[in-house]
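Text of the file final17.txt, holding compact mmCIF, C-alpha atoms:
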# COMPACT_ATOMS: atom_id res chain seq x y z
CA MET A 65 -91.03 118.43 43.48
CA ARG A 66 -92.67 118.55 46.88
CA PRO A 67 -96.16 117.47 45.71
CA SER A 68 -94.55 114.55 43.87
CA VAL A 69 -92.72 113.53 47.03
CA MET A 70 -95.97 113.58 48.95
CA ARG A 71 -97.71 111.54 46.27
CA SER A 72 -94.87 109.02 46.34
CA ALA A 73 -95.14 108.72 50.13
CA ALA A 74 -98.89 108.25 49.94
CA GLN A 75 -98.51 105.64 47.20
CA LEU A 76 -95.98 103.73 49.30
CA LEU A 77 -98.31 103.74 52.29
CA ARG A 78 -101.18 102.51 50.14
CA ARG A 79 -99.03 99.62 48.96
CA ARG A 80 -98.25 98.76 52.56
CA ASN A 81 -101.91 98.84 53.67
CA TYR A 82 -103.24 102.38 53.28
CA SER A 83 -106.29 102.61 51.06
CA SER A 84 -108.50 105.05 49.24
CA ALA A 85 -111.35 106.66 51.15
CA SER A 86 -113.67 106.32 48.17
CA GLY A 87 -117.07 105.11 49.36
CA GLN A 88 -115.89 104.63 52.96
CA GLN A 89 -116.87 106.40 56.17
CA ALA A 90 -114.34 108.96 57.37
CA ARG A 91 -113.22 108.64 60.97
CA LYS A 92 -111.95 110.63 63.95
CA VAL A 93 -108.57 109.49 65.24
CA ALA A 94 -107.05 110.68 68.52
CA ILE A 95 -103.32 110.33 69.21
CA LEU A 96 -102.34 110.53 72.88
CA GLY A 97 -98.69 111.47 73.19
CA ALA A 98 -98.69 113.28 69.86
CA ALA A 99 -95.75 115.59 70.65
CA GLY A 100 -93.30 112.79 71.42
CA GLY A 101 -90.72 110.99 69.35
CA ILE A 102 -93.26 108.47 68.03
CA GLY A 103 -96.26 110.77 68.24
CA GLN A 104 -95.00 113.43 65.83
CA PRO A 105 -94.19 111.19 62.85
CA LEU A 106 -97.29 109.11 63.61
CA SER A 107 -99.38 112.29 63.47
CA LEU A 108 -97.85 113.10 60.10
CA LEU A 109 -98.61 109.65 58.71
CA MET A 110 -102.19 109.62 59.99
CA LYS A 111 -102.72 113.07 58.43
CA LEU A 112 -101.89 111.45 55.09
CA ASN A 113 -104.46 108.69 55.61
CA PRO A 114 -107.54 109.37 53.45
CA LEU A 115 -109.79 107.48 55.88
CA VAL A 116 -109.15 110.09 58.61
CA SER A 117 -111.50 113.08 58.58
CA SER A 118 -110.56 114.45 62.01
CA LEU A 119 -107.16 114.13 63.69
CA SER A 120 -107.05 114.99 67.38
CA LEU A 121 -103.53 115.46 68.78
CA TYR A 122 -103.06 115.39 72.55
CA ASP A 123 -100.04 115.65 74.85
CA ILE A 124 -99.08 117.29 78.12
CA ALA A 125 -97.07 119.98 76.30
CA ALA A 126 -96.09 121.29 72.84
CA THR A 127 -99.15 119.93 71.03
CA PRO A 128 -100.36 123.24 69.58
CA GLY A 129 -97.12 123.54 67.61
CA VAL A 130 -97.27 119.96 66.35
CA ALA A 131 -100.91 120.41 65.35
CA ALA A 132 -100.18 123.68 63.54
CA ASP A 133 -97.30 122.08 61.66
CA VAL A 134 -99.20 118.96 60.62
CA SER A 135 -102.34 120.94 59.75
CA HIS A 136 -100.53 122.69 56.89
CA ILE A 137 -100.23 119.43 54.95
CA ASN A 138 -102.65 119.47 52.01
CA SER A 139 -104.63 116.34 52.86
CA PRO A 140 -108.30 116.23 53.94
CA ALA A 141 -108.06 115.46 57.68
CA LEU A 142 -108.83 118.41 59.95
CA VAL A 143 -106.28 118.72 62.74
CA LYS A 144 -106.76 120.04 66.27
CA GLY A 145 -104.22 120.15 69.08
CA PHE A 146 -105.04 119.65 72.75
CA MET A 147 -102.78 120.10 75.76
CA ALA A 148 -102.93 119.17 79.45
CA ASP A 149 -105.57 117.36 81.48
CA ASP A 150 -108.36 119.91 81.07
CA GLN A 151 -108.42 119.41 77.28
CA LEU A 152 -108.27 115.62 77.24
CA ALA A 153 -112.05 115.19 77.25
CA GLU A 154 -112.46 117.30 74.10
CA ALA A 155 -109.57 115.51 72.42
CA LEU A 156 -111.26 112.14 72.94
CA ASP A 157 -114.88 113.07 72.36
CA GLY A 158 -116.30 111.13 69.41
CA ALA A 159 -113.07 109.30 68.57
CA ASP A 160 -113.42 106.09 66.56
CA LEU A 161 -109.77 105.14 67.08
CA VAL A 162 -107.39 106.12 69.89
CA ILE A 163 -103.68 105.48 69.40
CA ILE A 164 -101.47 105.74 72.50
CA PRO A 165 -97.72 106.30 72.04
CA ALA A 166 -97.54 108.34 75.28
CA GLY A 167 -94.81 107.81 77.84
CA VAL A 168 -91.03 107.73 77.91
CA PRO A 169 -88.92 105.81 75.38
CA ARG A 170 -86.41 103.15 76.34
CA LYS A 171 -82.86 104.40 76.87
CA PRO A 172 -79.55 102.52 77.10
CA GLY A 173 -79.33 100.63 80.37
CA MET A 174 -83.03 101.07 81.15
CA THR A 175 -84.71 97.90 82.41
CA ARG A 176 -88.30 96.94 81.68
CA ASP A 177 -89.05 97.69 85.34
CA ASP A 178 -87.74 101.23 84.88
CA LEU A 179 -89.98 101.68 81.86
CA PHE A 180 -92.96 100.13 83.60
CA ASN A 181 -92.66 102.36 86.66
CA ILE A 182 -93.03 105.49 84.52
CA ASN A 183 -95.39 104.45 81.74
CA ALA A 184 -97.86 102.33 83.70
CA GLY A 185 -99.31 105.32 85.52
CA ILE A 186 -99.54 107.36 82.32
CA VAL A 187 -101.44 104.57 80.57
CA LYS A 188 -103.76 104.04 83.50
CA ASN A 189 -104.75 107.72 83.59
CA LEU A 190 -105.29 107.95 79.82
CA CYS A 191 -107.40 104.79 79.76
CA THR A 192 -109.54 106.12 82.60
CA ALA A 193 -110.31 109.09 80.36
CA ILE A 194 -110.99 106.88 77.34
CA ALA A 195 -113.50 104.86 79.36
CA LYS A 196 -115.29 108.10 80.25
CA TYR A 197 -115.21 110.07 77.00
CA CYS A 198 -115.04 107.55 74.12
CA PRO A 199 -115.81 104.10 75.58
CA ASN A 200 -116.64 102.59 72.18
CA ALA A 201 -113.40 103.58 70.45
CA LEU A 202 -110.84 101.07 69.27
CA VAL A 203 -107.68 101.48 71.36
CA ASN A 204 -104.24 100.86 69.88
CA MET A 205 -101.61 100.59 72.62
CA ILE A 206 -98.06 101.52 71.63
CA SER A 207 -96.78 102.64 75.06
CA ASN A 208 -94.25 100.15 76.40
CA PRO A 209 -94.04 97.68 77.96
CA VAL A 210 -97.00 96.58 75.79
CA ASN A 211 -97.00 93.15 77.45
CA SER A 212 -98.11 94.94 80.64
CA THR A 213 -99.83 98.12 79.44
CA VAL A 214 -102.52 96.24 77.51
CA PRO A 215 -103.55 94.28 80.65
CA ILE A 216 -103.53 97.59 82.58
CA ALA A 217 -105.91 99.09 80.03
CA ALA A 218 -108.17 96.03 80.20
CA GLU A 219 -108.44 96.27 83.98
CA VAL A 220 -109.17 100.00 83.87
CA PHE A 221 -111.95 99.41 81.34
CA LYS A 222 -113.34 96.53 83.41
CA LYS A 223 -113.56 98.77 86.48
CA ALA A 224 -115.38 101.39 84.43
CA GLY A 225 -117.78 98.81 83.00
CA THR A 226 -116.73 99.57 79.41
CA TYR A 227 -114.35 96.71 78.61
CA ASP A 228 -114.80 95.06 75.23
CA GLU A 229 -111.95 92.70 74.44
CA LYS A 230 -112.63 93.16 70.72
CA ARG A 231 -111.64 96.84 70.92
CA LEU A 232 -108.27 96.70 72.71
CA PHE A 233 -105.05 96.04 70.78
CA GLY A 234 -101.38 95.96 71.60
CA VAL A 235 -99.54 97.22 68.52
CA THR A 236 -96.90 94.61 67.67
CA THR A 237 -96.71 95.58 64.00
CA LEU A 238 -93.12 96.81 64.32
CA ASP A 239 -92.03 93.23 65.04
CA VAL A 240 -93.74 92.17 61.80
CA VAL A 241 -92.18 95.07 59.89
CA ARG A 242 -88.71 94.10 61.14
CA ALA A 243 -89.22 90.41 60.45
CA ARG A 244 -90.32 91.20 56.88
CA THR A 245 -87.34 93.48 56.28
CA PHE A 246 -84.73 91.13 57.74
CA TYR A 247 -86.20 88.07 56.00
CA ALA A 248 -86.35 89.81 52.62
CA GLY A 249 -82.72 90.86 52.90
CA LYS A 250 -81.51 87.41 53.84
CA ALA A 251 -83.72 85.47 51.39
CA ASN A 252 -83.06 87.97 48.60
CA VAL A 253 -86.75 88.49 47.81
CA ASP A 254 -88.79 91.64 47.15
CA VAL A 255 -89.70 93.07 50.57
CA ASN A 256 -93.00 94.37 49.18
CA THR A 257 -94.16 90.79 48.66
CA VAL A 258 -93.09 89.46 52.07
CA ASP A 259 -95.26 88.56 55.04
CA VAL A 260 -94.06 87.00 58.29
CA PRO A 261 -96.43 86.33 61.20
CA VAL A 262 -95.00 87.30 64.59
CA VAL A 263 -96.64 85.90 67.72
CA GLY A 264 -96.25 85.99 71.50
CA GLY A 265 -95.60 89.41 72.99
CA HIS A 266 -93.70 92.61 72.28
CA ALA A 267 -90.42 92.41 74.20
CA GLY A 268 -87.27 90.31 73.91
CA ILE A 269 -87.82 86.57 73.82
CA THR A 270 -91.61 87.02 73.95
CA ILE A 271 -91.35 88.11 70.29
CA LEU A 272 -91.57 84.96 68.16
CA PRO A 273 -91.39 85.40 64.38
CA LEU A 274 -92.70 82.36 62.51
CA PHE A 275 -90.27 82.32 59.60
CA SER A 276 -91.47 78.83 58.65
CA GLN A 277 -94.75 80.50 57.61
CA ALA A 278 -93.11 83.40 55.76
CA THR A 279 -94.25 84.16 52.23
CA PRO A 280 -92.80 83.86 49.71
CA SER A 281 -91.26 80.71 51.16
CA THR A 282 -87.64 79.81 50.62
CA ASN A 283 -85.38 76.84 51.24
CA ALA A 284 -82.29 79.03 51.00
CA LEU A 285 -82.04 79.78 54.74
CA SER A 286 -80.26 77.42 57.11
CA ALA A 287 -81.38 76.65 60.65
CA GLU A 288 -78.61 78.90 61.95
CA GLU A 289 -79.73 81.75 59.72
CA ILE A 290 -83.30 81.37 60.97
CA LYS A 291 -82.04 81.52 64.56
CA ALA A 292 -80.04 84.64 63.76
CA LEU A 293 -83.05 86.29 62.08
CA THR A 294 -85.19 85.43 65.11
CA LYS A 295 -82.67 86.93 67.51
CA ARG A 296 -82.31 90.09 65.43
CA THR A 297 -86.08 90.53 65.31
CA GLN A 298 -86.29 90.07 69.07
CA GLU A 299 -83.50 92.58 69.68
CA GLY A 300 -84.46 95.08 66.98
CA GLY A 301 -85.37 97.74 69.53
CA THR A 302 -82.05 97.38 71.31
CA GLU A 303 -80.24 97.62 67.96
CA VAL A 304 -81.80 101.04 67.35
CA VAL A 305 -81.34 102.29 70.93
CA GLU A 306 -77.64 101.45 70.80
CA ALA A 307 -77.22 102.94 67.31
CA LYS A 308 -78.76 106.20 68.50
CA ALA A 309 -76.26 106.23 71.38
CA GLY A 310 -78.61 107.44 74.09
CA LYS A 311 -80.41 109.98 71.91
CA GLY A 312 -83.56 108.06 71.14
CA SER A 313 -85.27 104.76 70.48
CA ALA A 314 -87.14 103.27 67.52
CA THR A 315 -89.44 106.21 66.88
CA LEU A 316 -89.67 106.46 63.09
CA SER A 317 -90.13 102.77 62.36
CA MET A 318 -92.59 102.52 65.27
CA ALA A 319 -94.59 105.45 63.90
CA TYR A 320 -94.75 103.75 60.51
CA ALA A 321 -95.85 100.47 62.09
CA GLY A 322 -98.45 102.28 64.20
CA ALA A 323 -99.82 104.01 61.11
CA VAL A 324 -100.06 100.72 59.21
CA PHE A 325 -101.96 99.04 62.05
CA GLY A 326 -104.15 102.09 62.60
CA ASP A 327 -105.10 102.06 58.93
CA ALA A 328 -105.97 98.36 59.17
CA CYS A 329 -108.29 99.10 62.10
CA LEU A 330 -109.99 101.91 60.18
CA LYS A 331 -110.52 99.67 57.17
CA GLY A 332 -111.99 97.01 59.45
CA LEU A 333 -114.36 99.56 61.01
CA ASN A 334 -115.48 100.55 57.52
CA GLY A 335 -116.31 96.96 56.62
CA VAL A 336 -113.43 96.19 54.27
CA PRO A 337 -113.23 92.37 54.23
CA ASP A 338 -110.26 90.12 54.98
CA ILE A 339 -108.15 92.58 56.98
CA VAL A 340 -105.67 90.43 58.91
CA GLU A 341 -102.82 91.76 61.07
CA CYS A 342 -100.84 90.46 64.02
CA SER A 343 -101.75 92.08 67.33
CA TYR A 344 -101.48 91.49 71.09
CA VAL A 345 -105.06 90.90 72.26
CA GLN A 346 -107.16 88.95 74.74
CA SER A 347 -106.76 85.42 73.50
CA THR A 348 -107.42 81.72 74.01
CA VAL A 349 -104.75 80.66 71.51
CA THR A 350 -102.58 79.63 74.49
CA GLU A 351 -103.26 79.38 78.22
CA LEU A 352 -102.17 83.02 78.60
CA PRO A 353 -104.95 85.65 78.77
CA PHE A 354 -103.18 87.97 76.31
CA PHE A 355 -101.17 86.86 73.30
CA ALA A 356 -100.14 88.22 69.92
CA SER A 357 -101.20 86.32 66.82
CA LYS A 358 -102.96 86.98 63.55
CA VAL A 359 -106.27 88.77 64.06
CA ARG A 360 -109.06 89.34 61.56
CA LEU A 361 -110.40 92.90 61.91
CA GLY A 362 -113.97 94.02 61.35
CA LYS A 363 -116.63 96.59 62.17
CA ASN A 364 -116.41 95.88 65.91
CA GLY A 365 -112.65 95.47 66.14
CA VAL A 366 -111.51 91.88 66.55
CA GLU A 367 -113.63 89.67 64.36
CA GLU A 368 -111.57 86.52 64.88
CA VAL A 369 -108.36 85.59 66.68
CA LEU A 370 -106.54 83.16 64.43
CA GLY A 371 -104.48 80.18 65.57
CA LEU A 372 -100.74 79.66 65.31
CA GLY A 373 -100.72 77.17 62.45
CA GLN A 374 -98.06 74.49 62.14
CA LEU A 375 -94.83 75.28 63.99
CA THR A 376 -91.32 73.93 63.56
CA GLN A 377 -89.55 72.37 66.52
CA PHE A 378 -87.49 75.55 66.92
CA GLU A 379 -90.67 77.65 67.01
CA LYS A 380 -92.34 75.27 69.48
CA GLU A 381 -89.35 75.64 71.78
CA GLY A 382 -89.50 79.41 71.40
CA LEU A 383 -93.20 79.38 72.25
CA GLU A 384 -92.62 77.46 75.47
CA ALA A 385 -89.64 79.65 76.39
CA LEU A 386 -91.60 82.92 76.12
CA LYS A 387 -94.59 81.90 78.24
CA GLY A 388 -93.05 82.44 81.66
CA GLU A 389 -91.87 85.97 80.96
CA LEU A 390 -95.08 86.95 79.20
CA LYS A 391 -97.21 85.55 82.05
CA SER A 392 -95.19 87.57 84.56
CA SER A 393 -95.59 90.78 82.54
CA ILE A 394 -99.35 90.27 82.27
CA GLU A 395 -99.68 89.64 85.99
CA LYS A 396 -97.60 92.72 86.78
CA GLY A 397 -99.90 94.90 84.71
CA VAL A 398 -103.05 93.46 86.29
CA ALA A 399 -101.63 93.93 89.80
CA PHE A 400 -100.70 97.54 89.09
CA ALA A 401 -104.13 98.39 87.72
CA ASN A 402 -105.86 96.87 90.74
CA ALA A 403 -103.53 98.30 93.39
CA SER A 404 -105.61 101.42 93.85

Output the structure of this file as structure tokens.
Amino acid sequence: MRPSVMRSAAQLLRRRNYSSASGQQARKVAILGAAGGIGQPLSLLMKLNPLVSSLSLYDIAATPGVAADVSHINSPALVKGFMADDQLAEALDGADLVIIPAGVPRKPGMTRDDLFNINAGIVKNLCTAIAKYCPNALVNMISNPVNSTVPIAAEVFKKAGTYDEKRLFGVTTLDVVRARTFYAGKANVDVNTVDVPVVGGHAGITILPLFSQATPSTNALSAEEIKALTKRTQEGGTEVVEAKAGKGSATLSMAYAGAVFGDACLKGLNGVPDIVECSYVQSTVTELPFFASKVRLGKNGVEEVLGLGQLTQFEKEGLEALKGELKSSIEKGVAFANAS
């Protein structure tokens, strides 16, 4: 029974973007924050990925236990656990992809400022180490607030002389995952066939799902239903935080989304063509320096940042409404990174 369950899980992941390693280069992946609520299930999912040959799990505590647990899974990736500052260099050495879910999760009543004040310093320190020990790795930022932590990472890399805008990503895939799920339920279509681009940022009103571009398309949804779907997508994180009643945030769905985007990056590195995902990256799509939109991935990371396409009036209004908050979050991250 257990092997069949594992095969079923692996098959599901392949359908949602995982792929066979046949004929492709295996890669080292480092997860920073691997013992946390997102980090543990993310470690499990990346262990199942056939493109991963080496899985490096790092956190400030408890990582040896997580690594031992995950290492028993009968998939090819070799797992090592690393703990505390003195082992960070070894954890990062030779990494092709670094995924960062480190930091504290959002709790009921916690403002974005509260989250920023804790996680910004963590991200800054980890990115300083990345610049030193694996400057050519792709970096997938999960630590919130992503709207600010990605600019922090960019500034740290600039100071170190290692910044390559093609290699830094804010992981906004959870917004896409939610938009697909909510749209499929409302439109009564097979969720496995659904795609919905989500642009902007990764918090509140900065999250803008483009349901007018959803596939398969439908005329069954009213303007009010589209507004409701948009609001639910924007507030998906809050929905989970409140449902968990102070005992967690969106850890499992975020781990899944992080694994899907990580797999897309690995496939891009290995030269698989036409890998397109939404991500928060350095951008000229709008006047803002960072923005989430569809991105074509390749051997060097970002191969092409794609435009927004045709928007409805409702989406145009949403785009204008998000810019002020997103601009402020970007500026806050840049100021923090350059304060010392």

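Distances to Val210 (chain A) were evaluated for A:Val258, A:Val336, A:Ala131, A:Val187 using only C-alpha atoms, and the minimum falls at A:Val187.
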
For the interface of region 173-256 of chain A with region 309-328 of chain A (cut-off 7 Å, counting all atoms listed in the file), please tabulate each contacting residue of region 173-256 of chain A alongside its nearest pair of atoms and their separation in Å to one decimal, rows sorted by chain and increasing number, as CSV.
residue,atom,partner,partner_atom,distance
A:Val235,CA,A:Gly322,CA,6.7
A:Thr237,CA,A:Ala321,CA,5.3
A:Leu238,CA,A:Ala321,CA,5.1
A:Val241,CA,A:Ala321,CA,6.9

Next, write the just-selected residues to a file, as a PDB file, in the frame of the given file, keeping C-alpha atoms as the atom set.
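Ended up saving to out.pdb:
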ATOM      1  CA  VAL A 235     -99.540  97.220  68.520  1.00  0.00           C
ATOM      2  CA  THR A 237     -96.710  95.580  64.000  1.00  0.00           C
ATOM      3  CA  LEU A 238     -93.120  96.810  64.320  1.00  0.00           C
ATOM      4  CA  VAL A 241     -92.180  95.070  59.890  1.00  0.00           C
TER       5      VAL A 241
END

For this session: Excluding region 113-121 of chain A and residues on its chain fewer than 2 positions from it, collect all residues at most 6 Å away from it, counting only C-alpha atoms, and give them as a list of chain:residue names.
Result: A:Ala85, A:Ala90, A:Arg91, A:Lys92, A:Val93, A:Ala94, A:Ile95, A:Ala98, A:Met110, A:Lys111, A:Ala141, A:Leu142, A:Val143, A:Lys144, A:Gly145, A:Phe146, A:Ala155

For this session: Write out as a list in words each polymer residue whose atoms come within 8 Å of Lys387 (chain A), counting all atoms listed in the file; drop sequence neighbours fewer than 4 positions from it.
Result: Thr270, Leu352, Leu383 and Lys391 of chain A

For this session: Could you tell me which of A:Gly234, A:Glu154, A:Lys291, A:Asn208 comes closest to Asp177 (chain A) if we count all atoms listed in the file?
Result: A:Asn208

Problem set entry | Straight-line distance linking CA of Glu341 (chain A) with CA of Asn189 (chain A), stated in Å to one decimal |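 Going from CA of Glu341 (chain A) over to CA of Asn189 (chain A) covers 27.7 Å.
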
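When all atoms listed in the file are used to compute distances to Asn211 (chain A), the closest of the residues A:Tyr122, A:Phe275, A:Tyr197, A:Phe354 turns out to be A:Phe354.
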
Problem set entry | Selected residue of minimal separation from Leu372 (chain A) among A:Gly397, A:Gly301, A:Pro353, A:Gly264, counting only C-alpha atoms |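 Nearest candidate to Leu372 (chain A) out of A:Gly397, A:Gly301, A:Pro353, A:Gly264: A:Gly264.
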
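Atom pair CA of Lys380 (chain A) / CA of Thr350 (chain A) has a distance of 12.2 Å (rounded to one decimal).
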
For this session: Extract, using all atoms listed in the file, all DNA, RNA and protein residues at most 10 Å from Leu179 (chain A), discarding same-chain residues fewer than 3 positions from it, and format them as an MDAnalysis selection string.
Result: chainID A and resid 167:171 174:176 182:184 207:209

Seminar exercise, completed: Across A:Ala248, A:Val203, A:Val253, A:Leu285, the smallest distance to Tyr227 (chain A), with only C-alpha atoms counted, is shown by A:Val203

Problem set entry | Counting all atoms listed in the file, the residue of A:Leu330, A:Ile290, A:Ala399, A:Cys191 that sits nearest Met205 (chain A) | A:Cys191

Problem set entry | Long-range neighbours of Glu389 (chain A) as an MDAnalysis selection string, 12 Å cut-off, only C-alpha atoms, 3 positions minimum in chain | chainID A and resid 176 211:212 264:271 352 382:386 392:396

Exercise. In Å to one decimal, how far is CA of Thr348 (chain A) from CA of Gly362 (chain A)?
Worked result: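 Between CA of Gly362 (chain A) and CA of Thr348 (chain A) the gap is 18.8 Å.
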
Missing atoms of region 232-245 of chain A rebuilt to N, CA and C atoms, written as a CSV table (one decimal), in the coordinates of the input:
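Resulting contents of part-v6.csv:
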chain,number,residue,atom,x,y,z
A,232,LEU,N,-109.6,96.4,72.1
A,232,LEU,CA,-108.3,96.7,72.7
A,232,LEU,C,-107.2,95.9,72.0
A,233,PHE,N,-106.1,96.6,71.5
A,233,PHE,CA,-105.0,96.0,70.8
A,233,PHE,C,-103.7,96.5,71.3
A,234,GLY,N,-102.8,95.6,71.4
A,234,GLY,CA,-101.4,96.0,71.6
A,234,GLY,C,-100.8,96.0,70.2
A,235,VAL,N,-100.1,97.1,69.9
A,235,VAL,CA,-99.5,97.2,68.5
A,235,VAL,C,-98.2,96.5,68.5
A,236,THR,N,-98.1,95.4,67.8
A,236,THR,CA,-96.9,94.6,67.7
A,236,THR,C,-96.4,94.6,66.2
A,237,THR,N,-97.0,95.5,65.4
A,237,THR,CA,-96.7,95.6,64.0
A,237,THR,C,-95.2,95.8,63.7
A,238,LEU,N,-94.5,96.6,64.6
A,238,LEU,CA,-93.1,96.8,64.3
A,238,LEU,C,-92.3,95.5,64.3
A,239,ASP,N,-92.7,94.5,65.1
A,239,ASP,CA,-92.0,93.2,65.0
A,239,ASP,C,-92.2,92.6,63.7
A,240,VAL,N,-93.4,92.7,63.1
A,240,VAL,CA,-93.7,92.2,61.8
A,240,VAL,C,-92.9,92.9,60.7
A,241,VAL,N,-92.9,94.2,60.8
A,241,VAL,CA,-92.2,95.1,59.9
A,241,VAL,C,-90.7,94.7,59.9
A,242,ARG,N,-90.1,94.5,61.1
A,242,ARG,CA,-88.7,94.1,61.1
A,242,ARG,C,-88.5,92.7,60.6
A,243,ALA,N,-89.4,91.8,60.9
A,243,ALA,CA,-89.2,90.4,60.4
A,243,ALA,C,-89.3,90.4,58.9
A,244,ARG,N,-90.2,91.1,58.3
A,244,ARG,CA,-90.3,91.2,56.9
A,244,ARG,C,-89.0,91.7,56.3
A,245,THR,N,-88.5,92.8,56.8
A,245,THR,CA,-87.3,93.5,56.3
A,245,THR,C,-86.1,92.6,56.4
